[in-house]
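K.L.:
Below is input_3.tsv; it holds TSV, C-alpha atoms and all ligand atoms.
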chain	number	residue	atom	x	y	z
A	1	MET	CA	-13.25	-36.67	-12.41
A	2	GLU	CA	-14.86	-40.12	-12.61
A	3	LYS	CA	-15.72	-41.65	-9.26
A	4	ILE	CA	-14.87	-45.35	-9.13
A	5	LEU	CA	-16.47	-47.81	-6.72
A	6	GLY	CA	-14.32	-50.75	-5.63
A	7	LEU	CA	-16.21	-53.89	-4.55
A	8	ASN	CA	-14.45	-56.82	-2.94
A	9	LEU	CA	-16.74	-59.84	-3.19
A	10	ARG	CA	-14.58	-61.83	-0.75
A	11	THR	CA	-14.40	-64.97	-2.83
A	12	THR	CA	-11.30	-67.12	-2.89
A	13	CYS	CA	-9.32	-67.52	-6.06
A	14	SER	CA	-8.87	-70.67	-8.14
A	15	ASN	CA	-5.10	-70.06	-8.34
A	16	ASN	CA	-2.73	-70.38	-5.41
A	17	CYS	CA	-0.08	-67.77	-6.24
A	18	ILE	CA	3.11	-67.64	-4.23
A	19	PHE	CA	2.52	-64.01	-3.27
A	20	CYS	CA	-1.20	-64.32	-2.48
A	21	ALA	CA	-2.46	-62.09	0.30
A	22	ASP	CA	-5.04	-64.73	1.24
A	23	SER	CA	-3.33	-66.15	4.31
A	24	SER	CA	-5.56	-69.24	4.42
A	25	LYS	CA	-3.99	-70.31	1.15
A	26	ASN	CA	-0.44	-69.38	1.97
A	27	LYS	CA	-0.52	-71.38	5.15
A	28	CYS	CA	-2.09	-74.61	4.04
A	29	GLY	CA	-2.96	-74.47	0.34
A	30	LEU	CA	-6.66	-74.87	1.11
A	31	VAL	CA	-9.28	-73.05	-0.91
A	32	ARG	CA	-11.98	-71.48	1.25
A	33	TYR	CA	-14.95	-70.06	-0.57
A	34	VAL	CA	-16.52	-67.13	1.21
A	35	TYR	CA	-19.53	-65.56	-0.38
A	36	THR	CA	-20.48	-62.08	0.61
A	37	ASP	CA	-24.20	-61.70	0.97
A	38	PRO	CA	-25.36	-60.41	-2.44
A	39	ASP	CA	-27.95	-58.13	-0.86
A	40	SER	CA	-25.28	-56.27	1.09
A	41	ILE	CA	-23.36	-55.72	-2.15
A	42	LYS	CA	-26.49	-54.48	-3.89
A	43	VAL	CA	-26.98	-51.93	-1.11
A	44	LYS	CA	-23.49	-50.57	-1.80
A	45	ILE	CA	-24.10	-50.46	-5.55
A	46	LYS	CA	-27.37	-48.61	-5.15
A	47	ALA	CA	-25.94	-46.12	-2.63
A	48	ALA	CA	-22.99	-45.35	-4.90
A	49	ALA	CA	-25.25	-44.94	-7.94
A	50	MET	CA	-27.38	-42.44	-6.07
A	51	VAL	CA	-24.37	-40.19	-5.44
A	52	GLY	CA	-23.21	-40.31	-9.04
A	53	TYR	CA	-20.88	-43.30	-9.38
A	54	ARG	CA	-20.88	-44.76	-12.89
A	55	ALA	CA	-17.76	-46.93	-12.72
A	56	VAL	CA	-17.09	-49.99	-10.58
A	57	TYR	CA	-14.37	-52.60	-10.37
A	58	LEU	CA	-14.98	-56.04	-8.88
A	59	THR	CA	-12.28	-57.98	-7.05
A	60	GLY	CA	-12.51	-61.14	-4.97
A	61	THR	CA	-9.79	-62.23	-4.72
A	62	GLU	CA	-11.75	-63.97	-7.55
A	63	PRO	CA	-15.06	-62.23	-8.22
A	64	LEU	CA	-16.05	-64.75	-10.89
A	65	ASN	CA	-16.26	-67.40	-8.14
A	66	HIS	CA	-19.10	-65.53	-6.49
A	67	LEU	CA	-22.32	-67.52	-6.91
A	68	ASN	CA	-24.33	-64.39	-7.79
A	69	ILE	CA	-21.80	-62.70	-10.04
A	70	ILE	CA	-24.06	-62.39	-13.08
A	71	GLU	CA	-26.93	-61.03	-11.00
A	72	LEU	CA	-24.61	-58.48	-9.36
A	73	ILE	CA	-23.18	-57.22	-12.65
A	74	ARG	CA	-26.70	-56.96	-14.06
A	75	TYR	CA	-27.74	-55.01	-10.98
A	76	ALA	CA	-24.85	-52.56	-11.44
A	77	ARG	CA	-25.85	-52.04	-15.08
A	78	PHE	CA	-29.50	-51.57	-14.02
A	79	ASN	CA	-28.27	-48.84	-11.66
A	80	LYS	CA	-26.66	-46.97	-14.58
A	81	PHE	CA	-23.08	-48.10	-14.07
A	82	ILE	CA	-21.43	-47.72	-17.47
A	83	HIS	CA	-17.94	-48.95	-16.76
A	84	ILE	CA	-17.94	-52.36	-15.02
A	85	GLU	CA	-14.49	-53.91	-14.68
A	86	VAL	CA	-13.83	-57.47	-13.52
A	87	ILE	CA	-10.37	-58.06	-12.07
A	88	THR	CA	-9.86	-61.80	-12.34
A	89	ALA	CA	-7.39	-64.65	-12.59
A	90	GLY	CA	-9.54	-65.48	-15.59
A	91	LEU	CA	-9.73	-69.26	-15.30
A	92	ARG	CA	-13.53	-69.37	-15.47
A	93	LEU	CA	-13.48	-67.40	-18.72
A	94	LYS	CA	-12.17	-70.46	-20.54
A	95	ASP	CA	-15.89	-71.28	-20.72
A	96	VAL	CA	-17.02	-69.04	-23.58
A	97	THR	CA	-20.72	-69.43	-22.69
A	98	PHE	CA	-20.02	-68.13	-19.18
A	99	LEU	CA	-17.93	-65.27	-20.59
A	100	LYS	CA	-20.75	-64.21	-22.91
A	101	LYS	CA	-23.23	-64.23	-20.02
A	102	ILE	CA	-20.91	-61.95	-18.01
A	103	ILE	CA	-20.60	-59.56	-20.96
A	104	GLN	CA	-24.34	-59.63	-21.64
A	105	ALA	CA	-24.96	-58.82	-17.98
A	106	GLY	CA	-22.93	-55.63	-18.43
A	107	ALA	CA	-19.20	-56.18	-17.86
A	108	SER	CA	-17.23	-53.77	-20.04
A	109	GLU	CA	-13.65	-54.47	-19.03
A	110	PHE	CA	-11.59	-57.43	-17.84
A	111	THR	CA	-8.19	-57.36	-16.20
A	112	LEU	CA	-6.45	-60.72	-16.12
A	113	ALA	CA	-3.15	-61.90	-14.67
A	114	ILE	CA	-0.44	-63.68	-16.62
A	115	TYR	CA	2.93	-64.58	-15.11
A	116	GLY	CA	4.90	-66.16	-17.93
A	117	ALA	CA	4.98	-66.86	-21.64
A	118	ASP	CA	5.04	-70.60	-21.04
A	119	ARG	CA	3.29	-73.10	-18.79
A	120	ARG	CA	6.27	-73.80	-16.56
A	121	THR	CA	6.96	-70.17	-15.68
A	122	HIS	CA	3.30	-69.18	-15.24
A	123	GLU	CA	2.48	-72.18	-13.07
A	124	ALA	CA	5.62	-71.76	-10.95
A	125	VAL	CA	3.85	-68.60	-9.73
A	126	THR	CA	0.23	-69.81	-9.64
A	127	ARG	CA	1.06	-73.29	-8.22
A	128	THR	CA	-2.02	-74.49	-10.06
A	129	ARG	CA	-1.72	-77.16	-12.69
A	130	GLY	CA	-3.52	-76.29	-15.90
A	131	SER	CA	-3.81	-72.59	-15.05
A	132	PHE	CA	-1.63	-71.48	-17.99
A	133	GLY	CA	-3.76	-73.36	-20.53
A	134	ASP	CA	-6.96	-72.03	-18.95
A	135	THR	CA	-5.66	-68.44	-18.99
A	136	ILE	CA	-4.65	-68.67	-22.65
A	137	LYS	CA	-8.05	-70.17	-23.51
A	138	ALA	CA	-9.75	-67.31	-21.65
A	139	LEU	CA	-7.68	-64.77	-23.59
A	140	ASP	CA	-8.54	-66.49	-26.85
A	141	ASN	CA	-12.22	-66.27	-25.89
A	142	LEU	CA	-11.89	-62.58	-25.02
A	143	ARG	CA	-10.26	-61.79	-28.34
A	144	GLY	CA	-12.88	-60.30	-30.61
A	145	GLN	CA	-15.38	-59.51	-27.83
A	146	ASP	CA	-16.43	-55.89	-27.59
A	147	VAL	CA	-14.72	-55.26	-24.24
A	148	ARG	CA	-11.43	-53.77	-23.12
A	149	VAL	CA	-8.91	-56.32	-21.84
A	150	GLY	CA	-5.89	-55.52	-19.69
A	151	LEU	CA	-3.18	-57.99	-18.76
A	152	VAL	CA	-1.14	-57.59	-15.62
A	153	SER	CA	1.97	-59.48	-14.73
A	154	ILE	CA	3.78	-59.40	-11.43
A	155	PHE	CA	7.49	-60.07	-11.27
A	156	THR	CA	8.55	-62.51	-8.57
A	157	GLN	CA	11.57	-64.74	-7.95
A	158	LYS	CA	9.96	-67.39	-10.13
A	159	ASN	CA	9.37	-65.36	-13.28
A	160	TYR	CA	11.33	-62.09	-13.37
A	161	LYS	CA	13.74	-63.45	-15.98
A	162	ASN	CA	10.76	-64.11	-18.28
A	163	MET	CA	9.41	-60.53	-18.33
A	164	ALA	CA	10.87	-59.46	-21.70
A	165	VAL	CA	9.86	-62.76	-23.31
A	166	LEU	CA	6.37	-62.42	-21.85
A	167	THR	CA	6.04	-58.85	-23.17
A	168	ALA	CA	6.99	-59.97	-26.69
A	169	PHE	CA	4.61	-62.94	-26.41
A	170	ILE	CA	1.65	-60.76	-25.47
A	171	ILE	CA	2.37	-58.21	-28.20
A	172	ALA	CA	2.51	-61.02	-30.77
A	173	SER	CA	-0.36	-63.18	-29.48
A	174	PHE	CA	-2.85	-60.68	-28.06
A	175	PRO	CA	-2.16	-57.38	-29.82
A	176	GLY	CA	-5.50	-55.82	-28.87
A	177	MET	CA	-4.85	-56.11	-25.14
A	178	TYR	CA	-3.24	-53.66	-22.74
A	179	PHE	CA	-0.30	-54.85	-20.65
A	180	LYS	CA	1.69	-53.81	-17.61
A	181	ILE	CA	4.04	-55.32	-15.06
A	182	ASP	CA	3.64	-54.77	-11.32
A	183	SER	CA	6.03	-55.41	-8.48
A	184	VAL	CA	5.36	-58.01	-5.84
A	185	ALA	CA	7.74	-56.26	-3.46
A	186	ALA	CA	5.26	-53.52	-2.67
A	187	PHE	CA	2.51	-55.80	-1.40
A	188	SER	CA	4.26	-58.73	0.19
A	189	ASN	CA	4.87	-57.42	3.63
A	190	SER	CA	3.17	-60.25	5.45
A	191	LEU	CA	4.98	-63.06	3.71
A	192	SER	CA	7.12	-65.24	5.90
A	193	GLU	CA	9.23	-66.47	3.02
A	194	TYR	CA	10.02	-63.09	1.56
A	195	LYS	CA	13.19	-64.13	-0.26
A	196	TYR	CA	11.38	-67.05	-1.90
A	197	VAL	CA	8.86	-64.65	-3.43
A	198	VAL	CA	10.47	-61.24	-3.85
A	199	PRO	CA	13.56	-60.75	-6.03
A	200	ARG	CA	16.06	-57.95	-5.53
A	201	PHE	CA	15.26	-54.98	-7.73
A	202	GLU	CA	18.82	-54.99	-9.03
A	203	ALA	CA	18.44	-58.57	-10.25
A	204	ALA	CA	15.12	-57.91	-11.99
A	205	ALA	CA	15.99	-54.50	-13.47
A	206	PRO	CA	17.75	-55.69	-16.69
A	207	PHE	CA	14.79	-57.92	-17.60
A	208	LEU	CA	12.26	-55.19	-16.84
A	209	ARG	CA	14.30	-52.68	-18.83
A	210	GLU	CA	14.24	-55.02	-21.81
A	211	ALA	CA	10.47	-55.52	-21.41
A	212	ALA	CA	9.90	-51.74	-21.31
A	213	LYS	CA	12.05	-51.30	-24.43
A	214	ILE	CA	10.08	-53.91	-26.36
A	215	TYR	CA	6.73	-52.47	-25.30
A	216	LYS	CA	7.70	-48.89	-26.10
A	217	LYS	CA	9.11	-49.81	-29.49
A	218	LYS	CA	5.78	-51.37	-30.42
A	219	TYR	CA	3.43	-48.74	-28.96
A	220	SER	CA	5.42	-45.49	-28.90
A	221	THR	CA	2.64	-43.62	-30.73
A	222	ASN	CA	-0.23	-45.15	-28.77
A	223	LEU	CA	-0.65	-42.94	-25.72
A	224	PRO	CA	-3.37	-44.92	-23.85
A	225	ARG	CA	-1.25	-48.07	-24.01
A	226	ILE	CA	1.92	-46.27	-23.01
A	227	LEU	CA	0.08	-44.65	-20.09
A	228	PHE	CA	-1.22	-48.04	-18.96
A	229	PHE	CA	2.30	-49.45	-19.09
A	230	ALA	CA	3.75	-46.42	-17.27
A	231	LYS	CA	1.46	-47.22	-14.34
A	232	SER	CA	3.60	-50.32	-13.93
A	233	LEU	CA	5.82	-50.34	-10.88
A	234	LEU	CA	3.73	-47.61	-9.30
A	235	TYR	CA	4.89	-48.57	-5.83
A	236	VAL	CA	8.51	-49.18	-6.73
A	237	PRO	CA	10.87	-46.40	-5.57
A	238	LEU	CA	11.48	-43.96	-8.40
A	239	CYS	CA	15.27	-44.28	-8.11
A	240	ILE	CA	14.78	-47.92	-9.17
A	241	VAL	CA	12.19	-47.08	-11.84
A	242	SER	CA	14.63	-44.56	-13.32
A	243	ARG	CA	17.01	-47.47	-13.93
A	244	ILE	CA	14.27	-49.44	-15.70
A	245	PHE	CA	12.31	-46.89	-17.73
A	246	ASP	CA	13.81	-44.54	-20.30
A	247	LYS	CA	13.26	-40.79	-19.93
A	248	ASP	CA	9.82	-40.73	-21.59
A	249	LEU	CA	8.33	-43.58	-19.58
A	250	LEU	CA	9.87	-42.23	-16.39
A	251	ASN	CA	8.31	-38.81	-17.00
A	252	LEU	CA	4.91	-40.40	-17.59
A	253	SER	CA	5.29	-42.52	-14.46
A	254	ILE	CA	6.12	-39.37	-12.47
A	255	LEU	CA	3.06	-37.60	-13.85
A	256	ILE	CA	0.80	-40.52	-12.90
A	257	ARG	CA	2.23	-40.62	-9.38
A	258	ARG	CA	1.83	-36.90	-8.91
A	259	TYR	CA	-1.79	-37.16	-9.97
A	260	ARG	CA	-2.52	-40.21	-7.80
A	261	PHE	CA	-0.70	-38.98	-4.74
A	262	ARG	CA	-2.18	-35.51	-4.92
A	263	GLN	CA	-5.63	-37.09	-4.86
A	264	LYS	CA	-4.82	-39.03	-1.72
A	265	TYR	CA	-2.50	-37.05	0.54
A	266	ASP	CA	0.03	-34.31	0.94
A	267	PRO	CA	3.34	-36.17	1.35
A	268	ARG	CA	4.99	-33.13	2.91
A	269	LYS	CA	2.61	-33.40	5.83
A	270	SER	CA	1.92	-37.11	6.14
A	271	PHE	CA	3.07	-40.42	4.76
A	272	PRO	CA	0.11	-42.75	4.26
A	273	PHE	CA	1.76	-46.08	3.65
A	274	GLU	CA	2.59	-47.65	6.99
A	275	SER	CA	4.46	-50.49	5.41
A	276	PHE	CA	6.74	-48.16	3.43
A	277	ALA	CA	9.63	-46.06	4.66
A	278	LYS	CA	12.09	-43.46	3.46
A	279	ILE	CA	15.76	-43.67	4.37
A	280	PRO	CA	17.93	-40.71	5.45
A	281	SER	CA	19.49	-40.21	2.01
A	282	CYS	CA	15.99	-39.85	0.48
A	283	LYS	CA	15.83	-36.31	1.88
A	284	SER	CA	18.20	-35.05	-0.80
A	285	CYS	CA	16.37	-36.89	-3.61
A	286	ARG	CA	14.48	-34.95	-6.26
A	287	PHE	CA	11.76	-37.58	-6.12
A	288	TYR	CA	11.24	-37.31	-2.37
A	289	VAL	CA	7.78	-35.75	-2.54
A	290	ILE	CA	6.28	-38.11	-5.10
A	291	CYS	CA	8.07	-41.32	-4.17
A	292	CYS	CA	6.11	-43.91	-2.21
A	293	GLY	CA	9.34	-44.99	-0.48
A	294	ILE	CA	10.62	-48.49	0.09
A	295	SER	CA	8.73	-51.43	1.52
A	296	ARG	CA	9.89	-51.98	5.10
A	297	SER	CA	10.01	-55.74	4.53
A	298	TYR	CA	12.26	-55.17	1.53
A	299	ILE	CA	14.69	-53.11	3.61
A	300	GLU	CA	14.64	-55.71	6.41
A	301	THR	CA	15.40	-58.47	3.93
A	302	TYR	CA	17.77	-56.91	1.43
A	303	GLY	CA	18.98	-53.68	3.05
A	304	LYS	CA	19.17	-50.16	1.64
A	305	ILE	CA	22.18	-50.29	-0.62
A	306	GLU	CA	20.23	-50.19	-3.90
A	307	PHE	CA	18.48	-46.92	-3.08
A	308	LYS	CA	20.38	-43.79	-3.97
A	309	ALA	CA	19.08	-40.24	-4.15
A	310	VAL	CA	18.78	-39.04	-7.71
A	401	LIG	S1	16.17	-42.22	-3.01
A	401	LIG	FE1	14.40	-42.43	-1.65
A	401	LIG	S2	12.99	-40.78	-2.25
A	401	LIG	FE2	14.47	-41.03	-3.91
A	401	LIG	S3	13.46	-42.38	-5.30
A	401	LIG	FE3	14.77	-43.63	-3.99
A	401	LIG	S4	13.45	-44.33	-2.32
A	401	LIG	FE4	12.41	-42.63	-3.36
Go through the file and emit its structure as structure tokens.

P.N.:
Amino acid sequence: MEKILGLNLRTTCSNNCIFCADSSKNKCGLVRYVYTDPDSIKVKIKAAAMVGYRAVYLTGTEPLNHLNIIELIRYARFNKFIHIEVITAGLRLKDVTFLKKIIQAGASEFTLAIYGADRRTHEAVTRTRGSFGDTIKALDNLRGQDVRVGLVSIFTQKNYKNMAVLTAFIIASFPGMYFKIDSVAAFSNSLSEYKYVVPRFEAAAPFLREAAKIYKKKYSTNLPRILFFAKSLLYVPLCIVSRIFDKDLLNLSILIRRYRFRQKYDPRKSFPFESFAKIPSCKSCRFYVICCGISRSYIETYGKIEFKAV
């Protein structure tokens, strides 16, 4: 199994998303740039290479804002990393010269975020004027480059109704790119304005179901794409996912969870996610062992009524 190194370059993002985990932004909207010492990152790259790592993903929150990003990617390539993924908001990639330098340095995959099929919806999430146009320009620049591109959306209060439209937009506009939709509910435990950011699953489900239907209709025979999509909603309780995905996607999602969870822990003995919980009725659920449970903040805010053993 491929060993993957995750490197957080600790650089602040150019967006200001409503769900951002960077508390400095959520509190005051300020952008603080923090640059991790490049030498300390190189030490990690070298150490990982020596024990056989050949894949790395770079996060930041915005790795492309790191002053030494090209040098660091080049260093990873020099140390025999083959798969170098950049997880980015993508705004800097609107500059095609910069993009080409990143690819020439060794980046082989980009994962970008998109929150809506139109400027208003996307920027209601990013709270950054011009970010939609910059993202689309970046995607246009990436089209035709010899790299894999994945697009990730996150459904929030501001955009969940746009998920099916967004899925159709991406299929039509960027057919070479992978796509999936994640849930903000799983990772928003520290937010003070939870209801402003996180929608109820029940409200979002019809739009997500429609998105899944559109995606599956287009790519039903393309297993890598379907697998990528089935990773969506990984941390959403399976009783909810079963109301969104059809049988095939649900089965794939279950397989992916089994695989992931088995790598990390034995859920019969321990439950690793402190911010997640199971409720009493979960004990009779067929998904009990492979379900991540429900975010505690979600239960505190919206209650348990939506979760029923299946
Ligand atoms: S009922 Fe509980 S264990 Fe079953 S899928 Fe829902 S949250 Fe998970």

K.L.:
Provide the CA of Glu210 (chain A) to CA of Phe229 (chain A) distance in Å, to one decimal place.

P.N.:
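Separating CA of Glu210 (chain A) from CA of Phe229 (chain A) is a distance of 13.5 Å.
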
K.L.:
Please write as an mmCIF file with C-alpha atoms, in the coordinates of the input the list of polymer residues whose atoms come within 12 Å of (-22.1, -47.9, -8.8), counting all atoms listed in the file and keeping to the coordinates of the file.

P.N.:
data_model
loop_
_atom_site.group_PDB
_atom_site.id
_atom_site.type_symbol
_atom_site.label_atom_id
_atom_site.label_comp_id
_atom_site.auth_asym_id
_atom_site.auth_seq_id
_atom_site.Cartn_x
_atom_site.Cartn_y
_atom_site.Cartn_z
ATOM 1 C CA GLU A 2 -14.860 -40.120 -12.610
ATOM 2 C CA LYS A 3 -15.720 -41.650 -9.260
ATOM 3 C CA ILE A 4 -14.870 -45.350 -9.130
ATOM 4 C CA LEU A 5 -16.470 -47.810 -6.720
ATOM 5 C CA GLY A 6 -14.320 -50.750 -5.630
ATOM 6 C CA LEU A 7 -16.210 -53.890 -4.550
ATOM 7 C CA ILE A 41 -23.360 -55.720 -2.150
ATOM 8 C CA LYS A 42 -26.490 -54.480 -3.890
ATOM 9 C CA VAL A 43 -26.980 -51.930 -1.110
ATOM 10 C CA LYS A 44 -23.490 -50.570 -1.800
ATOM 11 C CA ILE A 45 -24.100 -50.460 -5.550
ATOM 12 C CA LYS A 46 -27.370 -48.610 -5.150
ATOM 13 C CA ALA A 47 -25.940 -46.120 -2.630
ATOM 14 C CA ALA A 48 -22.990 -45.350 -4.900
ATOM 15 C CA ALA A 49 -25.250 -44.940 -7.940
ATOM 16 C CA MET A 50 -27.380 -42.440 -6.070
ATOM 17 C CA VAL A 51 -24.370 -40.190 -5.440
ATOM 18 C CA GLY A 52 -23.210 -40.310 -9.040
ATOM 19 C CA TYR A 53 -20.880 -43.300 -9.380
ATOM 20 C CA ARG A 54 -20.880 -44.760 -12.890
ATOM 21 C CA ALA A 55 -17.760 -46.930 -12.720
ATOM 22 C CA VAL A 56 -17.090 -49.990 -10.580
ATOM 23 C CA TYR A 57 -14.370 -52.600 -10.370
ATOM 24 C CA LEU A 58 -14.980 -56.040 -8.880
ATOM 25 C CA LEU A 72 -24.610 -58.480 -9.360
ATOM 26 C CA ILE A 73 -23.180 -57.220 -12.650
ATOM 27 C CA ARG A 74 -26.700 -56.960 -14.060
ATOM 28 C CA TYR A 75 -27.740 -55.010 -10.980
ATOM 29 C CA ALA A 76 -24.850 -52.560 -11.440
ATOM 30 C CA ARG A 77 -25.850 -52.040 -15.080
ATOM 31 C CA PHE A 78 -29.500 -51.570 -14.020
ATOM 32 C CA ASN A 79 -28.270 -48.840 -11.660
ATOM 33 C CA LYS A 80 -26.660 -46.970 -14.580
ATOM 34 C CA PHE A 81 -23.080 -48.100 -14.070
ATOM 35 C CA ILE A 82 -21.430 -47.720 -17.470
ATOM 36 C CA HIS A 83 -17.940 -48.950 -16.760
ATOM 37 C CA ILE A 84 -17.940 -52.360 -15.020
ATOM 38 C CA GLU A 85 -14.490 -53.910 -14.680
#

K.L.:
Mind listing the residues within 10 Å of ligand LIG 401 (chain A), all atoms listed in the file counted, as a ChimeraX atom specification?

P.N.:
/A:235-242,276-295,304,306-310

K.L.:
May I ask which of the residues A:Ala185, A:Lys195, A:Glu300, A:Gly176 is the closest one to Asn222 (chain A), counting all atoms listed in the file?

P.N.:
A:Gly176

K.L.:
What's the separation between CA of Ile244 (chain A) and CA of Arg209 (chain A), in Å to one decimal place?

P.N.:
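Pair CA of Ile244 (chain A) / CA of Arg209 (chain A) returns 4.5 Å.
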
K.L.:
Between A:Pro199, A:Gly90, A:Gly106, A:Pro206, which residue has the minimum interatomic distance to Tyr298 (chain A), considering all atoms listed in the file?

P.N.:
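Checking each candidate against Tyr298 (chain A), we get A:Pro199 as the closest.
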
K.L.:
What does the distance between CA of Ala105 (chain A) and CA of Thr12 (chain A) come to in Å, to one decimal place?

P.N.:
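Going from CA of Ala105 (chain A) over to CA of Thr12 (chain A) covers 22.0 Å.
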
K.L.:
I'd like the neighbourhood of Leu93 (chain A) as an MDAnalysis selection string, where a residue qualifies if any of its atoms comes within 7 Å (using only C-alpha atoms), though same-chain residues fewer than 4 positions away should be ignored.

P.N.:
chainID A and resid 98:99 138

K.L.:
Would you please work out which residue, of A:Asn251, A:Glu109, A:Gln157, A:Met177, is nearest to Glu193 (chain A) when using all atoms listed in the file?

P.N.:
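So, comparing all the options, the nearest one is A:Gln157.
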